Structures are given as structure tokens and as C-alpha cells.
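S.K.: My structure is in coords-v1.cif, and what it holds is mmCIF, C-alpha atoms:
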```
data_protein
loop_
_atom_site.label_atom_id
_atom_site.label_comp_id
_atom_site.auth_asym_id
_atom_site.auth_seq_id
_atom_site.Cartn_x
_atom_site.Cartn_y
_atom_site.Cartn_z
CA MET A 1 78.61 136.25 134.11
CA THR A 2 80.64 136.65 130.95
CA GLN A 3 81.76 134.07 128.42
CA SER A 4 85.33 134.94 129.27
CA ALA A 5 84.79 134.07 132.92
CA VAL A 6 83.84 130.53 131.94
CA HIS A 7 86.77 130.41 129.52
CA GLN A 8 89.12 131.55 132.25
CA LEU A 9 87.82 128.94 134.63
CA VAL A 10 88.07 126.15 132.07
CA TRP A 11 91.54 127.35 131.18
CA GLU A 12 92.63 127.37 134.82
CA ILE A 13 91.38 123.84 135.29
CA HIS A 14 93.07 122.79 132.08
CA ARG A 15 96.38 124.30 133.17
CA ARG A 16 96.14 122.69 136.57
CA GLY A 17 95.38 119.39 134.91
CA ARG A 18 98.43 119.70 132.69
CA GLY A 19 100.53 120.62 135.68
CA GLU A 20 99.11 117.65 137.56
CA GLU A 21 98.03 119.88 140.43
CA TYR A 22 94.35 119.26 139.82
CA ARG A 23 93.40 115.85 141.08
CA THR A 24 90.55 115.51 143.49
CA ASP A 25 87.44 117.25 144.67
CA PRO A 26 86.80 119.47 141.67
CA GLY A 27 83.59 120.63 143.28
CA ALA A 28 85.40 122.35 146.13
CA TYR A 29 87.74 124.13 143.74
CA LEU A 30 84.95 125.04 141.37
CA ALA A 31 82.82 126.54 144.12
CA THR A 32 85.37 129.17 145.07
CA ALA A 33 86.56 129.76 141.49
CA CYS A 34 83.02 130.13 140.16
CA GLU A 35 82.24 132.64 142.89
CA ARG A 36 85.43 134.60 142.25
CA LEU A 37 84.86 134.73 138.51
CA GLY A 38 81.11 135.25 138.67
CA VAL A 39 80.23 132.10 136.76
CA ALA A 40 76.49 131.63 136.40
CA ASP A 41 74.70 128.62 137.86
CA ASP A 42 74.03 126.96 134.50
CA ALA A 43 77.67 127.14 133.49
CA ARG A 44 78.77 125.98 136.93
CA SER A 45 76.38 123.05 136.67
CA ALA A 46 77.79 122.13 133.25
CA LEU A 47 81.31 122.29 134.63
CA GLU A 48 80.51 120.15 137.64
CA GLN A 49 78.75 117.56 135.53
CA LEU A 50 81.42 117.66 132.80
CA ASP A 51 78.65 118.47 130.37
CA PHE A 52 80.88 119.32 127.42
CA SER A 53 78.08 119.69 124.94
CA GLN A 54 76.40 122.34 127.07
CA LEU A 55 79.67 124.20 127.59
CA ILE A 56 80.14 124.39 123.83
CA ASP A 57 76.51 125.44 123.42
CA ILE A 58 76.97 128.38 125.78
CA GLY A 59 79.92 129.55 123.73
CA VAL A 60 83.04 128.08 125.33
CA HIS A 61 85.52 127.27 122.55
CA PRO A 62 85.51 123.54 121.63
CA MET A 63 89.28 123.36 121.93
CA SER A 64 89.06 124.79 125.43
CA VAL A 65 86.39 122.27 126.32
CA LEU A 66 88.53 119.47 124.88
CA PHE A 67 91.43 120.49 127.12
CA PHE A 68 89.06 120.71 130.04
CA ALA A 69 87.99 117.14 129.33
CA HIS A 70 91.61 116.00 129.22
CA ALA A 71 92.32 117.76 132.50
CA ASN A 72 89.54 115.71 134.00
CA HIS A 73 90.92 112.50 132.50
CA VAL A 74 88.03 111.95 130.13
CA PRO A 75 89.00 109.64 127.25
CA MET A 76 88.76 111.13 123.78
CA PRO A 77 85.95 108.80 122.58
CA GLN A 78 83.87 109.65 125.63
CA TYR A 79 84.42 113.33 124.98
CA LEU A 80 83.51 113.01 121.30
CA GLY A 81 80.40 111.02 122.17
CA ALA A 82 79.33 113.64 124.68
CA ILE A 83 79.49 116.46 122.14
CA GLY A 84 77.50 114.51 119.57
CA ALA A 85 80.21 113.40 117.15
CA ASP A 86 79.32 110.83 114.52
CA PRO A 87 79.31 107.34 116.16
CA ALA A 88 81.63 105.98 113.45
CA HIS A 89 84.06 108.75 114.24
CA VAL A 90 83.85 108.01 117.95
CA GLU A 91 84.57 104.35 117.22
CA THR A 92 87.61 105.29 115.13
CA PHE A 93 89.08 107.21 118.03
CA ARG A 94 88.19 104.45 120.46
CA GLN A 95 90.21 102.02 118.36
CA ILE A 96 93.08 104.47 117.96
CA PHE A 97 93.47 104.99 121.67
CA GLU A 98 92.81 101.37 122.52
CA ASN A 99 95.59 100.32 120.17
CA ALA A 100 97.87 103.02 121.47
CA ASN A 101 97.32 102.02 125.06
CA ARG A 102 97.82 98.36 124.21
CA SER A 103 101.19 99.04 122.65
CA ARG A 104 102.41 101.21 125.47
CA PRO A 105 101.55 99.43 128.72
CA GLY A 106 102.69 101.14 131.85
CA VAL A 107 104.92 103.74 130.23
CA ALA A 108 105.99 106.12 132.95
CA ARG A 109 106.73 109.76 132.35
CA ALA A 110 110.48 110.33 132.43
CA PRO A 111 111.89 112.90 134.87
CA THR A 112 112.24 116.30 133.29
CA GLU A 113 114.96 118.90 133.54
CA ARG A 114 112.78 120.91 135.89
CA GLU A 115 112.42 117.94 138.17
CA MET B 116 122.99 137.67 105.49
CA SER B 117 119.72 138.39 107.33
CA VAL B 118 116.95 135.81 106.79
CA VAL B 119 118.77 132.86 105.27
CA GLY B 120 115.90 130.41 105.05
CA ALA B 121 112.35 129.57 106.05
CA ILE B 122 110.65 126.33 106.92
CA ALA B 123 107.00 125.40 107.24
CA THR B 124 105.81 122.18 108.82
CA VAL B 125 102.81 120.66 110.49
CA HIS B 126 102.98 120.18 114.26
CA ALA B 127 100.39 117.44 114.77
CA PRO B 128 100.88 116.26 118.37
CA PHE B 129 100.41 112.57 117.57
CA ILE B 130 103.71 112.66 115.66
CA ALA B 131 105.44 112.87 119.04
CA GLY B 132 102.74 111.67 121.39
CA MET B 133 101.64 108.52 119.61
CA PRO B 134 104.11 107.79 116.82
CA GLU B 135 103.22 104.10 116.83
CA LEU B 136 99.77 104.87 115.41
CA ALA B 137 101.13 105.65 111.94
CA PRO B 138 102.03 102.90 109.46
CA GLU B 139 105.75 102.21 109.44
CA PRO B 140 106.45 103.46 105.88
CA GLN B 141 104.83 106.81 106.52
CA ARG B 142 106.36 107.15 109.98
CA THR B 143 109.73 106.58 108.36
CA ALA B 144 108.94 109.12 105.65
CA VAL B 145 107.94 111.76 108.19
CA ASN B 146 111.04 111.14 110.29
CA ALA B 147 113.11 111.43 107.14
CA GLY B 148 111.40 114.72 106.31
CA PHE B 149 112.22 116.11 109.72
CA GLY B 150 115.75 114.76 109.29
CA ARG B 151 116.19 116.66 106.03
CA LEU B 152 114.88 119.83 107.66
CA ARG B 153 117.23 119.30 110.61
CA ALA B 154 120.21 118.96 108.27
CA MET B 155 119.18 122.01 106.29
CA LEU B 156 118.77 124.07 109.44
CA ALA B 157 122.23 123.03 110.62
CA GLU B 158 123.79 124.02 107.30
CA LEU B 159 122.12 127.41 107.41
CA ARG B 160 123.90 128.03 110.76
CA PRO B 161 121.30 130.37 112.23
CA ASP B 162 122.20 132.67 115.11
CA VAL B 163 118.50 133.12 115.83
CA ILE B 164 115.42 131.09 115.01
CA VAL B 165 112.07 132.85 114.84
CA THR B 166 109.14 130.49 115.20
CA VAL B 167 105.64 131.45 114.10
CA SER B 168 103.06 129.10 115.55
CA SER B 169 99.37 129.13 116.33
CA GLU B 170 97.55 129.65 119.59
CA HIS B 171 96.07 126.54 121.26
CA ILE B 172 94.50 128.24 124.26
CA THR B 173 97.86 127.97 125.93
CA ASN B 174 98.71 131.67 126.14
CA PHE B 175 95.70 133.77 125.14
CA LEU B 176 92.44 133.98 127.05
CA SER B 177 89.29 134.93 125.23
CA ASP B 178 89.20 138.36 126.86
CA ASN B 179 92.72 139.29 125.77
CA ALA B 180 93.71 137.75 122.46
CA PRO B 181 96.05 139.79 120.29
CA GLY B 182 96.41 138.89 116.63
CA PHE B 183 100.14 138.35 117.04
CA ALA B 184 102.37 138.16 120.12
CA VAL B 185 106.11 137.67 120.56
CA SER B 186 107.92 136.74 123.74
CA THR B 187 110.65 139.12 124.85
CA ALA B 188 111.88 136.67 127.50
CA GLY B 189 115.44 135.46 127.80
CA GLU B 190 114.01 131.98 127.96
CA ASN B 191 110.55 130.45 127.60
CA PRO B 192 109.12 127.36 129.25
CA THR B 193 107.69 124.50 127.28
CA GLN B 194 104.30 123.02 128.00
CA PRO B 195 104.77 119.46 129.27
CA GLU B 196 102.67 117.50 126.80
CA PHE B 197 102.77 114.67 124.28
CA GLY B 198 106.08 113.33 125.57
CA LEU B 199 107.93 116.38 124.26
CA PRO B 200 111.04 117.66 126.07
CA ASP B 201 110.04 119.63 129.15
CA ARG B 202 112.51 122.46 129.53
CA PHE B 203 113.28 126.12 129.12
CA VAL B 204 114.18 127.25 125.61
CA PRO B 205 116.70 130.09 125.25
CA GLY B 206 115.31 133.29 123.73
CA ASP B 207 116.78 136.59 122.56
CA SER B 208 115.36 139.55 124.45
CA ALA B 209 117.17 142.24 122.45
CA PHE B 210 116.01 140.80 119.14
CA ALA B 211 112.44 140.40 120.34
CA ARG B 212 112.14 143.81 121.99
CA GLY B 213 113.58 145.42 118.88
CA LEU B 214 111.02 143.56 116.81
CA VAL B 215 108.16 144.92 118.91
CA GLU B 216 109.51 148.46 118.52
CA PHE B 217 110.00 147.97 114.79
CA ALA B 218 106.46 146.67 114.46
CA GLN B 219 105.13 149.73 116.26
CA GLU B 220 107.07 151.98 113.90
CA GLN B 221 105.44 150.16 111.00
CA ASP B 222 101.96 150.28 112.58
CA PHE B 223 101.87 146.49 112.73
CA PRO B 224 99.90 145.00 115.65
CA LEU B 225 102.53 142.80 117.28
CA GLU B 226 102.20 142.52 121.06
CA GLY B 227 105.24 141.94 123.24
CA ARG B 228 104.80 139.39 126.02
CA LYS B 229 107.10 138.87 128.98
CA GLU B 230 106.86 135.14 128.42
CA LEU B 231 105.08 132.60 126.24
CA TYR B 232 104.48 128.94 126.96
CA LEU B 233 105.76 126.87 124.09
CA ASP B 234 103.28 124.09 123.48
CA HIS B 235 103.48 121.42 120.78
CA GLY B 236 103.02 124.08 118.12
CA THR B 237 106.51 125.38 118.74
CA ASN B 238 108.12 122.59 120.71
CA LEU B 239 107.32 119.65 118.44
CA PRO B 240 109.14 121.11 115.41
CA LEU B 241 112.00 122.32 117.62
CA SER B 242 112.43 118.90 119.18
CA PHE B 243 112.91 117.42 115.71
CA LEU B 244 114.80 120.25 114.00
CA ARG B 245 117.13 121.31 116.80
CA PRO B 246 116.95 118.76 119.62
CA GLU B 247 120.03 120.35 121.20
CA TYR B 248 117.99 123.51 121.95
CA ASP B 249 121.21 125.49 121.73
CA ILE B 250 120.07 128.27 119.38
CA ALA B 251 118.09 131.28 120.58
CA VAL B 252 114.42 130.96 119.66
CA VAL B 253 112.16 134.01 119.42
CA PRO B 254 108.61 132.63 119.53
CA ILE B 255 105.67 134.35 117.87
CA ILE B 256 102.11 133.15 118.36
CA VAL B 257 99.29 133.89 115.91
CA ASN B 258 95.74 133.98 117.21
CA THR B 259 93.86 131.33 115.23
CA VAL B 260 91.41 130.44 117.99
CA TRP B 261 89.59 133.51 119.23
CA ALA B 262 87.65 135.19 116.42
CA PRO B 263 88.12 137.58 114.80
CA PHE B 264 91.43 136.27 113.54
CA PRO B 265 94.07 138.40 111.87
CA SER B 266 93.58 138.37 108.12
CA THR B 267 95.77 136.30 105.85
CA ALA B 268 97.07 139.59 104.46
CA GLN B 269 98.19 140.53 107.98
CA ALA B 270 99.84 137.13 108.37
CA HIS B 271 101.66 137.72 105.09
CA ASP B 272 102.66 141.16 106.35
CA LEU B 273 104.07 139.56 109.50
CA GLY B 274 106.51 137.64 107.33
CA SER B 275 107.41 140.78 105.41
CA LEU B 276 107.88 142.64 108.67
CA LEU B 277 110.25 139.96 109.98
CA ALA B 278 112.33 140.01 106.81
CA CYS B 279 112.55 143.81 106.77
CA TYR B 280 113.36 143.98 110.48
CA VAL B 281 116.20 141.51 110.20
CA ASP B 282 117.55 143.17 107.07
CA GLU B 283 117.44 146.63 108.62
CA LYS B 284 118.44 145.96 112.22
CA TRP B 285 120.23 142.60 112.31
CA HIS B 286 121.94 142.45 108.97
CA ASP B 287 124.94 140.54 110.30
CA THR B 288 122.77 137.97 112.03
CA ARG B 289 121.74 134.75 110.35
CA VAL B 290 118.04 134.17 110.97
CA VAL B 291 115.88 131.21 110.02
CA LEU B 292 112.09 131.40 110.24
CA ILE B 293 110.01 128.35 111.11
CA GLY B 294 106.26 128.49 110.54
CA THR B 295 104.31 125.69 112.15
CA GLY B 296 100.66 124.78 111.82
CA GLY B 297 98.30 122.20 110.52
CA ILE B 298 96.61 122.61 107.19
CA SER B 299 93.15 120.96 107.18
CA HIS B 300 91.95 119.65 110.53
CA TRP B 301 89.13 119.95 113.03
CA VAL B 302 89.77 120.24 116.77
CA GLY B 303 87.51 119.77 119.76
CA ASN B 304 84.24 119.76 117.85
CA ARG B 305 82.02 117.13 116.27
CA ARG B 306 84.42 116.63 113.35
CA HIS B 307 87.50 116.32 115.57
CA GLY B 308 90.15 114.27 113.80
CA ASP B 309 88.77 114.89 110.31
CA MET B 310 90.83 116.33 107.47
CA ASN B 311 90.42 117.46 103.86
CA PRO B 312 93.23 116.37 101.49
CA ASP B 313 91.83 118.49 98.64
CA PHE B 314 92.13 121.59 100.78
CA ASP B 315 95.71 120.66 101.68
CA ARG B 316 96.61 120.20 98.00
CA TRP B 317 95.04 123.51 97.04
CA PHE B 318 96.95 125.38 99.74
CA VAL B 319 100.33 123.74 99.13
CA ASP B 320 99.98 124.44 95.40
CA LEU B 321 99.31 128.11 96.16
CA LEU B 322 102.47 128.30 98.27
CA MET B 323 104.52 126.53 95.62
CA SER B 324 103.33 128.95 92.95
CA SER B 325 104.39 131.87 95.20
CA ASP B 326 101.10 133.51 94.36
CA ASP B 327 101.29 136.03 97.15
CA GLU B 328 98.26 138.00 96.05
CA ALA B 329 96.14 134.85 96.20
CA LEU B 330 97.57 133.96 99.61
CA ARG B 331 96.80 137.43 100.92
CA ASN B 332 93.23 137.20 99.70
CA ILE B 333 92.31 133.88 101.32
CA SER B 334 89.23 134.58 103.41
CA ASP B 335 87.85 132.83 106.48
CA ASP B 336 85.13 131.41 104.22
CA ASP B 337 87.84 129.96 101.97
CA ILE B 338 89.48 128.34 105.00
CA ASP B 339 86.36 126.90 106.62
CA PRO B 340 86.23 123.80 104.33
CA GLY B 341 89.58 122.86 105.89
CA GLY B 342 88.15 122.95 109.41
CA ASP B 343 88.60 125.23 112.40
CA GLY B 344 92.21 124.08 112.72
CA ALA B 345 92.99 125.13 109.16
CA HIS B 346 93.15 128.74 110.27
CA GLU B 347 96.69 127.84 111.33
CA ILE B 348 97.73 128.23 107.67
CA ARG B 349 98.40 131.84 108.57
CA THR B 350 101.74 130.66 109.97
CA TRP B 351 102.69 129.22 106.56
CA ILE B 352 101.51 132.34 104.75
CA ALA B 353 103.86 134.38 106.96
CA MET B 354 106.77 132.32 105.63
CA SER B 355 105.76 133.12 102.06
CA GLY B 356 105.58 136.81 102.98
CA ALA B 357 109.15 136.75 104.27
CA ALA B 358 110.36 134.71 101.31
CA ARG B 359 109.00 137.26 98.87
CA ILE B 360 111.05 140.05 100.47
CA VAL B 361 114.29 138.10 100.62
CA GLY B 362 113.97 136.24 97.32
CA LEU B 363 113.75 132.76 98.80
CA GLN B 364 112.18 130.07 96.64
CA PRO B 365 109.87 127.29 97.87
CA GLU B 366 110.51 123.61 97.66
CA ILE B 367 108.56 120.64 98.95
CA VAL B 368 110.39 118.46 101.45
CA LEU B 369 107.54 116.15 102.38
CA ASP B 370 104.09 115.65 100.93
CA GLU B 371 102.32 112.83 102.76
CA GLU B 372 98.71 113.38 101.79
CA PHE B 373 97.18 111.32 104.58
CA VAL B 374 98.76 109.47 107.47
CA PRO B 375 96.29 107.04 109.05
CA GLY B 376 96.46 106.88 112.82
CA TRP B 377 97.75 110.42 113.12
CA ASN B 378 94.78 111.45 110.98
CA VAL B 379 96.70 114.27 109.33
CA GLY B 380 98.40 115.17 106.12
CA VAL B 381 102.06 115.78 106.82
CA HIS B 382 103.46 118.51 104.60
CA GLN B 383 106.77 120.31 104.90
CA LEU B 384 108.19 123.13 102.79
CA VAL B 385 111.41 125.10 102.77
CA TRP B 386 112.24 128.44 101.22
CA MET B 387 115.88 128.97 100.32
CA LEU B 388 118.04 131.21 98.19
CA PRO B 389 118.54 129.78 94.68
CA ASP B 390 122.25 129.19 95.30
CA ALA B 391 121.56 127.34 98.52
CA ARG B 392 119.01 125.11 96.80
CA LYS B 393 121.65 123.83 94.43
CA ASN B 394 123.54 122.38 97.38
CA HIS B 395 120.56 120.47 98.73
CA ALA B 396 119.02 117.35 97.31
CA LEU B 397 115.68 117.64 99.02
#
```
Please express what this file holds, its structure, as C-alpha cells.
M.R.:
Amino acid sequence: MTQSAVHQLVWEIHRRGRGEEYRTDPGAYLATACERLGVADDARSALEQLDFSQLIDIGVHPMSVLFFAHANHVPMPQYLGAIGADPAHVETFRQIFENANRSRPGVARAPTERE
Amino acid sequence: MSVVGAIATVHAPFIAGMPELAPEPQRTAVNAGFGRLRAMLAELRPDVIVTVSSEHITNFLSDNAPGFAVSTAGENPTQPEFGLPDRFVPGDSAFARGLVEFAQEQDFPLEGRKELYLDHGTNLPLSFLRPEYDIAVVPIIVNTVWAPFPSTAQAHDLGSLLACYVDEKWHDTRVVLIGTGGISHWVGNRRHGDMNPDFDRWFVDLLMSSDDEALRNISDDDIDPGGDGAHEIRTWIAMSGAARIVGLQPEIVLDEEFVPGWNVGVHQLVWMLPDARKNHAL
């Protein structure tokens, strides 16, 4: 297993998440992708459990892990808490996103030119 | 005319994705800053815009990360994110392919890519500065994520290379450069959302003094107090490198030290010819 294999997998999941193709049953997708890319068991376990702190510890870039969290619909404060950010900092982001969500209830994504 | 102007601006995604987080006075100030840049860009009447932005793990994987890459595509897709326009942005294949060849002739490590995804780094400034998307955009991405990064001297050389290329090969083409990147910020790690206003001030002052030797000698250790995201200053340094060749002079358009909610400093600079500056009240 190489670091880049984990990066590639996280990146693929991130891109799928952005493209809204990645929705359910991450385990089934991960199983085949991990096998194809030769991802080791510990990294696969971290991916399946969304263990962001461990992914960073094994050398996956924090920005990549952040995107991976977003692709899996993990709120920013939860992500920051999981990687050991200062609790005051986590609370700041919780308030930021809480306020943002409160001021934008039910905003739907507008159709794009591609659509 | 060749390179007729250069712009540098932050591209913090909250500016587009969550504008309501910023206090009204500062949101208005930032919108006004973008408005001034938009007007300036229109007056410069560019035939081609060259953007220099930073990598956000959108285009480069860790096992293949060039220092610099340019798209040679006739159009490039945007990354649908932060409420930004989701579209294809026209490019200029002849200009970009020629740039890759010119870089090779100069022994400069610029990789040509068949396509680049334009994430908020490129698309956020474009959406403010040219929302019509009717000018060809040649996008360049600088690796500021996967260490080792290109040196600040190389980033400065990128700007020089662009200015020389345009002057030598596209002399009748009006080109504007847009460098986009955050100054101090941390991304994805324990200090995510933090910033360092002192670092921002130090860097903007260096640009304003046109101290190119100092800019070229900024080390990774010098940048680290500004956070992992601060490595994006290479995109601004490239603008200074181009300005030095062409004789453009810097001017501050916006200098918001700290915008709560967006958790960033919002700085914007332009480089223009002395005669052009007289016609602008920035």
C-alpha cells in the first residue's frame, strides 16, 4: 500500500461526493476500490469509520481528508472535533454554520448550464 | 501592448458560499473592491486572461503533482461548489500550447494539461471580475499542497516567463494576469479557519515595496507562520514577477485586515502602467 493509493481513493470519493454520485453504501464501493488500489487494512478501516484523525496520522493531506469529510456529509464542527481542534475553535465553527443554516432555510441548488 | 495589467486577490470560498456570515460594512467593502477590479479589467480590454491559482486537490494527485500546470484546452469545466456558476469557461489552446513550448525553451517546469478543473481558486475571482465569461481564460495552477512546493523564486520566474512570452509571441494581444490565493490561513488541520493578520501585513508591504529580491527569497519556514494555506502567496509573487518585466506598479484596491464570519483577511492589489494609474481612482 502506498500513501498515494489512499490519497487517490479519498480523492475519488471526494470527487464523487462533489458530483453527487456518491450517496449510499460506501462500504461496498470502498471494498472494490480498496482492493483495486491496494489500500491496507488499517487505512481501509479508517476510511470506513470516517476516522479523519487516523487518516491524517497516516499521512493523507488534511485538505484531502477535509474534502473526504464533506463528501460524506460530515459537518465542519464534527470534522474539526474529530481531528482534535481546539474546542473553542470547534464551537466558533458550530456557530458559524448554525447561523448560516438558519439564514438560508431550504435553499435549493439552481439548475446549471450543464443541466 | 502585451501584458497590460495584473491583479491579485484572495479567493476565500465563503465570499461566495456564505456571504451572509460577514458583517454588512465589510461585505459591502469587499463587493466594492471586486467592483473596482471588474471595472478596471473592463477598461483594460483584455483579449486573454491568464489566471494563476493554487491547487486544492482538485487537479493534482499526490503521485503526480507538477510545480506548475497550464490547461491547453479550448474550454475548461468549473467545479460545482460554493454556489459559483457551474459552466465551461472558454480557453485559448494556441496561447496555452505556445506557452508550454516557450517554457520548455526557457527550461521552466510548466506542464501542459489537456484540461483543468476550475475550482473556487479560479472561478470565484472570475465570477466577480468577468461574470459574462466571454473572454478566453488560460488557467495555470501552482502546486501549494503536495510538498515539495516550487520555490518563491520559481513562482516569481513564472510571472517573468508570462510577461516575456506575451511580449515575444503575442505582442499585439492584450493580456491581463490574475493571481488568486489566500495569504494567511490554515486548511483542514487543527487550526482550520485561523489566520495571522501580521503575516498578511508583512506580505502585502513586501509586494507594495516591489522588493522582488525579498519576495524571491521567502522560504517555506518564512511562510509557515501564515499557515499551510499561506503557501498560496506564490500566486501573488508571480504577479510581481510579471510586473517587474513590464514596468507595472502596484496599488492597493482593498485592505480588509480581518473579516469575521469569513475568517479571512481580504486583500486585493493591482499592477498597472503609470499612465493607466492616473485614469483610475482606486
S.K.: Out of B:Gly294, B:Gly342, B:Pro265, B:Pro246, which residue has the shortest atom-to-atom distance to Arg153 (chain B) when counting all atoms listed in the file?
M.R.: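 With all atoms listed in the file as the atom set, the closest residue is B:Pro246.
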S.K.: Nearest to chain B among A:Ala88, A:Asp51, A:Pro77, A:Leu66, with distances taken over all atoms listed in the file: which residue is it?
M.R.: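 Smallest separation from chain B among the options: A:Leu66.
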S.K.: Taking the file above as input, evaluate the PyMOL selection byres ((chain B) within 8 of (chain A)) and report the hits as JSON, numbers by chain.
M.R.: {"B": [133, 135, 136, 171, 172, 176, 177, 178, 195, 196, 198, 200, 201, 202, 302, 303, 304, 305, 306, 307, 376]}
S.K.: Report, in Å to a single decimal, how far apart CA of Gln383 (chain B) and CA of Val125 (chain B) are.
M.R.: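 That distance, rounded to one decimal, is 6.9 Å.
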S.K.: Can you tell me, as JSON, numbers by chain, what residues are no more than 10 Å from region 317-327 of chain B when counting all atoms listed in the file, ignoring any on the same chain fewer than 5 positions away?
M.R.: {"B": [268, 271, 298, 299, 312, 332, 333, 338, 341, 348, 351, 352, 354, 355, 356, 358, 359, 364, 365, 366, 367, 370, 382, 383, 384, 386]}
S.K.: Could you work out how far CA of Gly150 (chain B) lies from CA of Asp207 (chain B), giving the answer in Å with one decimal?
M.R.: 25.6 Å
S.K.: Report, as JSON, the centre and edge lengths in Å (one decimal) of the axis-aligned box enclosing every listed atom of region 178-188 of chain B, padded by 6 Å on each side.
M.R.:
```
{"center_x": 100.5, "center_y": 138.2, "center_z": 122.1, "size_x": 34.7, "size_y": 15.1, "size_z": 22.9}
```
S.K.: Work out how far apart CA of Arg289 (chain B) and CA of Ile164 (chain B) are and give it in Å to one decimal.
M.R.: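 We find that CA of Arg289 (chain B) and CA of Ile164 (chain B) lie 8.7 Å from each other.
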S.K.: Which residues are near Phe264 (chain B)? Cut-off 12 Å, all atoms listed in the file, ignore same chain within fewer than 4 positions. Put them as a list in words.
M.R.: Ser169, Glu170, Ser177, Ala180, Pro181, Gly182, Phe183, Val257, Asn258, Thr259, Val260, Ala268, Gln269, Ala270, Ser334, Asp335, Ile338, Asp343, His346, Glu347, Ile348 and Arg349 of chain B
S.K.: Please provide as a list in words all residues within 7 Å of region 216-232 of chain B, with the sequence filter that same-chain residues fewer than 5 positions apart are discarded (counting all atoms listed in the file).
M.R.: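 What passes the distance filter is Thr173, Asn174, Pro181, Phe183, Ala184, Val185, Ser186, Thr187, Ala188, Asn191, Pro192, Thr193, Gln194 and Tyr280 of chain B.
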S.K.: Would you save the residues of that selection, restricted to C-alpha atoms, as a tab-separated table (two decimals), keeping the file's coordinate frame?
M.R.:
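Generated output (part_2.tsv):
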```tsv
chain	number	residue	atom	x	y	z
B	173	THR	CA	97.86	127.97	125.93
B	174	ASN	CA	98.71	131.67	126.14
B	181	PRO	CA	96.05	139.79	120.29
B	183	PHE	CA	100.14	138.35	117.04
B	184	ALA	CA	102.37	138.16	120.12
B	185	VAL	CA	106.11	137.67	120.56
B	186	SER	CA	107.92	136.74	123.74
B	187	THR	CA	110.65	139.12	124.85
B	188	ALA	CA	111.88	136.67	127.50
B	191	ASN	CA	110.55	130.45	127.60
B	192	PRO	CA	109.12	127.36	129.25
B	193	THR	CA	107.69	124.50	127.28
B	194	GLN	CA	104.30	123.02	128.00
B	280	TYR	CA	113.36	143.98	110.48
```
S.K.: If you count all atoms listed in the file, which residues fall within 9 Å of Leu156 (chain B), apart from same-chain ones fewer than 4 positions away, as a list in words?
M.R.: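 So the residues in contact are Gly120, Ile122, Arg151, Leu152, Arg160, Pro161, Leu244, Arg245 and Val291 of chain B.
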S.K.: Skip Phe373 (chain B) itself and residues of its chain fewer than 5 positions away, then list as an MDAnalysis selection string all residues within 9 Å of it, counting all atoms listed in the file.
M.R.: chainID B and resid 310 312 378:381
